[in-house]
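Visitor: Provided herewith: protein05.pdb, PDB, C-alpha atoms.
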```
MODEL        1
ATOM      1  CA  MET A   1      54.868  49.693 115.158
ATOM      2  CA  PRO A   2      54.619  52.766 112.917
ATOM      3  CA  LYS A   3      57.869  54.201 111.632
ATOM      4  CA  LEU A   4      57.169  57.542 113.313
ATOM      5  CA  VAL A   5      55.454  57.698 116.704
ATOM      6  CA  TRP A   6      53.151  60.725 116.943
ATOM      7  CA  ASP A   7      51.192  59.733 120.067
ATOM      8  CA  LEU A   8      50.876  56.696 122.329
ATOM      9  CA  PRO A   9      47.838  54.522 123.055
ATOM     10  CA  ALA A  10      46.316  55.433 126.413
ATOM     11  CA  ASP A  11      43.164  54.248 128.177
ATOM     12  CA  GLU A  12      43.870  56.538 131.105
ATOM     13  CA  LYS A  13      44.374  60.313 131.057
ATOM     14  CA  GLU A  14      48.107  60.070 130.501
ATOM     15  CA  VAL A  15      50.256  62.468 128.491
ATOM     16  CA  TYR A  16      53.916  62.434 127.575
ATOM     17  CA  LEU A  17      55.901  65.614 128.175
ATOM     18  CA  THR A  18      59.026  66.010 126.066
ATOM     19  CA  PHE A  19      61.721  68.690 126.080
ATOM     20  CA  ASP A  20      64.087  69.280 123.160
ATOM     21  CA  ASP A  21      67.471  70.985 122.768
ATOM     22  CA  GLY A  22      68.930  70.829 126.291
ATOM     23  CA  PRO A  23      70.549  70.539 128.637
ATOM     24  CA  THR A  24      70.649  74.319 129.067
ATOM     25  CA  PRO A  25      71.682  75.987 132.351
ATOM     26  CA  GLY A  26      68.962  78.238 133.725
ATOM     27  CA  VAL A  27      66.276  76.510 131.680
ATOM     28  CA  THR A  28      66.627  72.740 132.140
ATOM     29  CA  ASP A  29      67.002  73.146 135.908
ATOM     30  CA  PHE A  30      63.875  75.347 135.956
ATOM     31  CA  VAL A  31      61.978  72.612 134.079
ATOM     32  CA  LEU A  32      63.215  69.899 136.453
ATOM     33  CA  ASN A  33      62.043  71.885 139.471
ATOM     34  CA  GLU A  34      58.614  72.506 137.950
ATOM     35  CA  LEU A  35      58.219  68.822 137.083
ATOM     36  CA  ASP A  36      59.122  67.869 140.655
ATOM     37  CA  LYS A  37      56.351  70.103 142.006
ATOM     38  CA  VAL A  38      53.680  67.977 140.312
ATOM     39  CA  ASN A  39      55.532  64.647 140.480
ATOM     40  CA  ALA A  40      55.775  64.578 136.668
ATOM     41  CA  LYS A  41      58.149  62.484 134.593
ATOM     42  CA  ALA A  42      59.288  63.569 131.136
ATOM     43  CA  THR A  43      61.598  62.661 128.283
ATOM     44  CA  PHE A  44      64.461  64.988 127.366
ATOM     45  CA  PHE A  45      65.754  64.858 123.795
ATOM     46  CA  CYS A  46      69.274  66.152 124.271
ATOM     47  CA  ILE A  47      71.796  67.654 121.870
ATOM     48  CA  GLY A  48      75.162  65.912 122.058
ATOM     49  CA  ARG A  49      77.276  69.055 122.245
ATOM     50  CA  ASN A  50      75.140  70.349 125.148
ATOM     51  CA  ILE A  51      75.610  67.082 127.042
ATOM     52  CA  LYS A  52      79.379  67.438 126.578
ATOM     53  CA  GLU A  53      79.278  71.048 127.776
ATOM     54  CA  TYR A  54      76.952  70.502 130.748
ATOM     55  CA  PRO A  55      77.419  66.898 131.925
ATOM     56  CA  GLU A  56      76.336  67.637 135.504
ATOM     57  CA  LEU A  57      73.013  69.051 134.318
ATOM     58  CA  PHE A  58      72.561  66.048 132.034
ATOM     59  CA  ARG A  59      73.144  63.707 134.987
ATOM     60  CA  GLU A  60      70.615  65.693 137.015
ATOM     61  CA  ILE A  61      67.912  64.876 134.445
ATOM     62  CA  ILE A  62      68.590  61.169 134.871
ATOM     63  CA  ASP A  63      69.031  61.324 138.641
ATOM     64  CA  ARG A  64      65.555  62.863 138.963
ATOM     65  CA  GLY A  65      64.030  59.890 137.155
ATOM     66  CA  HIS A  66      63.451  61.268 133.669
ATOM     67  CA  HIS A  67      64.190  59.534 130.377
ATOM     68  CA  ILE A  68      66.682  60.579 127.711
ATOM     69  CA  GLY A  69      66.405  60.746 123.937
ATOM     70  CA  ASN A  70      68.889  61.529 121.182
ATOM     71  CA  HIS A  71      68.473  64.834 119.280
ATOM     72  CA  THR A  72      71.703  64.745 117.161
ATOM     73  CA  TYR A  73      74.996  66.391 118.051
ATOM     74  CA  HIS A  74      74.553  69.853 116.491
ATOM     75  CA  HIS A  75      70.755  70.010 115.969
ATOM     76  CA  GLU A  76      71.098  69.033 112.312
ATOM     77  CA  ASN A  77      68.262  69.386 109.820
ATOM     78  CA  ALA A  78      67.843  66.054 108.010
ATOM     79  CA  LEU A  79      66.643  67.815 104.862
ATOM     80  CA  LYS A  80      69.871  69.837 104.664
ATOM     81  CA  SER A  81      72.360  67.146 105.715
ATOM     82  CA  ASP A  82      73.830  64.234 103.837
ATOM     83  CA  HIS A  83      72.867  60.788 105.101
ATOM     84  CA  LYS A  84      76.299  59.784 106.419
ATOM     85  CA  SER A  85      77.040  62.983 108.356
ATOM     86  CA  TYR A  86      73.555  62.942 109.916
ATOM     87  CA  MET A  87      73.898  59.334 111.062
ATOM     88  CA  ASP A  88      77.417  60.066 112.344
ATOM     89  CA  SER A  89      75.876  62.861 114.439
ATOM     90  CA  VAL A  90      73.222  60.521 115.848
ATOM     91  CA  ARG A  91      75.784  57.832 116.676
ATOM     92  CA  LYS A  92      78.199  60.326 118.232
ATOM     93  CA  THR A  93      75.421  61.581 120.494
ATOM     94  CA  GLY A  94      74.444  58.008 121.332
ATOM     95  CA  ASP A  95      78.012  57.299 122.395
ATOM     96  CA  ILE A  96      78.077  60.420 124.590
ATOM     97  CA  ILE A  97      74.783  59.448 126.226
ATOM     98  CA  SER A  98      76.206  55.984 126.931
ATOM     99  CA  GLU A  99      79.392  57.492 128.331
ATOM    100  CA  TYR A 100      77.548  59.705 130.808
ATOM    101  CA  THR A 101      74.831  57.223 131.761
ATOM    102  CA  GLY A 102      77.249  54.342 132.217
ATOM    103  CA  LYS A 103      75.081  52.073 130.086
ATOM    104  CA  ASP A 104      76.480  49.719 127.481
ATOM    105  CA  ALA A 105      73.735  50.591 125.014
ATOM    106  CA  ASN A 106      72.606  54.163 124.522
ATOM    107  CA  THR A 107      68.993  55.184 124.681
ATOM    108  CA  LYS A 108      67.021  54.140 121.644
ATOM    109  CA  LEU A 109      64.643  57.111 121.548
ATOM    110  CA  PHE A 110      65.301  59.638 118.803
ATOM    111  CA  ARG A 111      63.625  62.872 117.760
ATOM    112  CA  PRO A 112      64.708  64.662 114.593
ATOM    113  CA  PRO A 113      65.434  68.374 115.020
ATOM    114  CA  TYR A 114      62.820  70.627 113.393
ATOM    115  CA  GLY A 115      60.567  67.550 113.158
ATOM    116  CA  LYS A 116      62.130  66.889 109.735
ATOM    117  CA  ILE A 117      63.420  63.521 108.551
ATOM    118  CA  THR A 118      64.009  61.659 105.291
ATOM    119  CA  THR A 119      62.906  58.160 104.361
ATOM    120  CA  GLY A 120      66.522  56.993 104.119
ATOM    121  CA  ILE A 121      67.417  58.286 107.584
ATOM    122  CA  THR A 122      64.165  56.877 109.011
ATOM    123  CA  ASN A 123      64.988  53.433 107.642
ATOM    124  CA  GLN A 124      68.578  53.613 108.934
ATOM    125  CA  LEU A 125      67.437  54.654 112.435
ATOM    126  CA  ILE A 126      64.928  51.803 112.528
ATOM    127  CA  ALA A 127      67.653  49.400 111.377
ATOM    128  CA  ASP A 128      69.722  50.702 114.308
ATOM    129  CA  ASN A 129      66.757  49.907 116.624
ATOM    130  CA  TYR A 130      65.731  53.481 117.331
ATOM    131  CA  SER A 131      62.143  54.504 118.035
ATOM    132  CA  ILE A 132      61.508  57.807 116.249
ATOM    133  CA  ILE A 133      59.392  59.937 118.566
ATOM    134  CA  MET A 134      57.484  62.826 117.013
ATOM    135  CA  PHE A 135      54.601  64.721 118.719
ATOM    136  CA  ASP A 136      50.963  65.610 118.274
ATOM    137  CA  VAL A 137      50.975  68.750 120.454
ATOM    138  CA  LEU A 138      53.393  71.549 119.607
ATOM    139  CA  SER A 139      53.694  74.239 122.276
ATOM    140  CA  ALA A 140      55.579  76.480 119.786
ATOM    141  CA  ASP A 141      57.571  77.900 122.703
ATOM    142  CA  PHE A 142      60.507  78.356 120.295
ATOM    143  CA  ASP A 143      58.502  80.858 118.208
ATOM    144  CA  GLN A 144      59.595  84.333 119.250
ATOM    145  CA  LYS A 145      56.579  85.869 117.508
ATOM    146  CA  ILE A 146      54.097  84.396 119.989
ATOM    147  CA  ASP A 147      53.508  85.196 123.658
ATOM    148  CA  PRO A 148      53.333  82.793 126.638
ATOM    149  CA  GLU A 149      49.521  82.837 126.539
ATOM    150  CA  LYS A 150      49.522  81.493 122.979
ATOM    151  CA  CYS A 151      52.007  78.804 124.012
ATOM    152  CA  TYR A 152      49.722  77.852 126.904
ATOM    153  CA  MET A 153      46.646  77.693 124.659
ATOM    154  CA  ASN A 154      48.472  75.618 122.016
ATOM    155  CA  VAL A 155      48.909  72.900 124.621
ATOM    156  CA  MET A 156      45.618  73.162 126.480
ATOM    157  CA  ARG A 157      43.449  73.131 123.343
ATOM    158  CA  ASN A 158      45.179  70.190 121.675
ATOM    159  CA  THR A 159      46.091  67.765 124.448
ATOM    160  CA  ALA A 160      44.231  64.456 124.644
ATOM    161  CA  LYS A 161      44.856  61.026 126.180
ATOM    162  CA  GLY A 162      48.164  59.685 124.881
ATOM    163  CA  SER A 163      49.398  63.014 123.515
ATOM    164  CA  ILE A 164      53.110  63.613 123.111
ATOM    165  CA  ILE A 165      53.680  67.291 123.928
ATOM    166  CA  VAL A 166      56.875  69.048 122.841
ATOM    167  CA  PHE A 167      58.534  71.923 124.673
ATOM    168  CA  HIS A 168      62.107  73.226 124.407
ATOM    169  CA  ASP A 169      64.492  73.665 127.328
ATOM    170  CA  SER A 170      66.524  76.219 125.370
ATOM    171  CA  LEU A 171      67.392  79.885 125.825
ATOM    172  CA  LYS A 172      65.392  80.728 122.690
ATOM    173  CA  ALA A 173      62.215  79.247 124.193
ATOM    174  CA  ALA A 174      62.699  80.376 127.804
ATOM    175  CA  ASP A 175      60.650  83.587 127.612
ATOM    176  CA  ARG A 176      57.551  81.568 126.637
ATOM    177  CA  LEU A 177      58.334  78.315 128.439
ATOM    178  CA  LYS A 178      58.916  79.736 131.904
ATOM    179  CA  PRO A 179      55.556  81.545 132.265
ATOM    180  CA  SER A 180      53.479  78.867 130.530
ATOM    181  CA  LEU A 181      54.881  75.544 131.782
ATOM    182  CA  PRO A 182      53.807  75.894 135.446
ATOM    183  CA  ARG A 183      50.262  76.818 134.356
ATOM    184  CA  ILE A 184      50.102  73.947 131.883
ATOM    185  CA  LEU A 185      51.307  71.410 134.450
ATOM    186  CA  ASN A 186      48.856  72.667 137.045
ATOM    187  CA  ASP A 187      45.859  72.918 134.729
ATOM    188  CA  LEU A 188      46.388  69.558 133.019
ATOM    189  CA  ARG A 189      46.777  67.937 136.417
ATOM    190  CA  GLU A 190      43.519  69.584 137.542
ATOM    191  CA  GLU A 191      41.878  68.037 134.463
ATOM    192  CA  GLY A 192      43.037  64.635 135.711
ATOM    193  CA  TYR A 193      46.074  64.057 133.524
ATOM    194  CA  ARG A 194      49.176  62.192 134.671
ATOM    195  CA  PHE A 195      52.574  63.002 133.188
ATOM    196  CA  MET A 196      54.611  60.054 131.960
ATOM    197  CA  ALA A 197      58.055  59.505 130.435
ATOM    198  CA  ILE A 198      58.297  57.622 127.153
TER
ENDMDL
END
```
Write out the structure in this file as structure tokens.
Guide:
Amino acid sequence: MPKLVWDLPADEKEVYLTFDDGPTPGVTDFVLNELDKVNAKATFFCIGRNIKEYPELFREIIDRGHHIGNHTYHHENALKSDHKSYMDSVRKTGDIISEYTGKDANTKLFRPPYGKITTGITNQLIADNYSIIMFDVLSADFDQKIDPEKCYMNVMRNTAKGSIIVFHDSLKAADRLKPSLPRILNDLREEGYRFMAI
């Protein structure tokens, strides 16, 4: 198993939708409703403080059959954090996820904020049995300099079998996510893709 997972082997036309930075009222619930329309499953990499603030919305993600990943407590940048405080953030979020899911062990999927990680943190996460999930298709919905059409094209031009696609269920991304996600889901489905959770 590679240390960082950028895509997943797929013989079929399967893709893996992921959403970072939630749960966020007004955005995460929009995403959940759009996913339901096409019977899609996804993986949500959640920020610990947002789970604490919006536990009902977090539970809704799980209740609708989606998977959860850890995205640190405060959206820390591994390149600007010391090793101990970063790992404390990951473990704190893991404990919160366990608390709200009622599971003894927290989810073992992790995505580093900003897609940035150090070798030391990578090795520590692997020692703690995490799978570090990256992505090979970046929607760039967080980029306020692009429009929804560019976000749409970023996904449609780069998606292939086994792709891990990253979106953001955040207020910052909403202006690009909300117009583009329904089109992307519809058009990828028309191309024969199925949407899977990791």
Visitor: When the PyMOL selection byres ((chain A and resi 15-32) around 6) is applied to the file above, which residues end up in the set, as a list in words?
Guide: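 When the PyMOL selection byres ((chain A and resi 15-32) around 6) is applied, the selected residues are Glu14, Asn33, Glu34, Leu35, Ala42, Thr43, Phe44, Phe45, Cys46, Ile47, Asn50, Phe58, Gly162, Ser163, Ile164, Ile165, Val166, Phe167, His168, Asp169, Ser170, Phe195, Met196 and Ala197 of chain A.
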Visitor: At what distance in Å, to one decimal, does CA of Pro148 in chain A lie from CA of Ile198 in chain A?
Guide: 25.7 Å
Visitor: Box along x, y and z, 5 Å on every side, all listed atoms of range 41-49 of chain A inside: centre and edge lengths in Å to one decimal, as JSON.
Guide:
```
{"center_x": 67.7, "center_y": 65.8, "center_z": 128.2, "size_x": 29.1, "size_y": 16.6, "size_z": 22.7}
```
Visitor: Once the PyMOL selection byres ((chain A and resi 179) around 12) is applied to the coordinates I shared, what remains selected? I want it as a ChimeraX atom specification.
Guide: /A:27,30-31,34,141,147-152,173-178,180-185
Visitor: I'd like to know which of A:Lys3, A:Asn39, A:Lys172, A:Val90 is closest to Asn123 in chain A, using only C-alpha atoms.
Guide: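 For Asn123 in chain A, the nearest of the candidates is A:Lys3.
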Visitor: Distance CA of Leu4 in chain A-CA of Asn158 in chain A, one decimal place?
Guide: 19.3 Å
Visitor: Going by the chain IDs and residue numbers used in this file, which residues fall under the PyMOL selection byres ((chain A and resi 13) around 6)? Write them as a short mmCIF file (atom, residue, chain, number, x, y, z; two decimals) with C-alpha atoms, in the coordinates of the input.
Guide:
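Just written: selection-v1.cif:
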```cif
data_model
loop_
_atom_site.label_atom_id
_atom_site.label_comp_id
_atom_site.auth_asym_id
_atom_site.auth_seq_id
_atom_site.Cartn_x
_atom_site.Cartn_y
_atom_site.Cartn_z
CA GLU A 12 43.87 56.54 131.10
CA GLU A 14 48.11 60.07 130.50
CA LYS A 161 44.86 61.03 126.18
CA TYR A 193 46.07 64.06 133.52
#
```
Visitor: Which of these, A:Arg111, A:Lys41, A:Arg157, A:Lys145, has the shortest distance to Ala78 in chain A once you count only C-alpha atoms?
Guide: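 Checking each of A:Arg111, A:Lys41, A:Arg157, A:Lys145 against Ala78 in chain A, counting only C-alpha atoms, the winner is A:Arg111.
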Visitor: Quick one: everything within 9 Å of Ile132 in chain A, counting only C-alpha atoms, minus sequence neighbours fewer than 6 positions away in the same chain. Send it as a PyMOL selection string.
Guide: chain A and resi 3-6+108-112+122+125-126
Visitor: Dig up all the protein and nucleic acid residues within 7 Å of (73.1, 62.8, 124.7) in the file frame, using all atoms listed in the file, and format them as a ChimeraX atom specification.
Guide: /A:46-48,51,70,93-94,96-97
Visitor: Do you have the CA of Gly120 in chain A-CA of His83 in chain A distance handy?
Guide: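 One can read the CA of Gly120 in chain A to CA of His83 in chain A distance as 7.5 Å.
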Visitor: Restricting the calculation to all atoms listed in the file: of A:Ile146, A:Ala160, A:Val155, A:Ile121, which residue gets closest to Leu79 in chain A?
Guide: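 Closest residue, counting all atoms listed in the file: A:Ile121.
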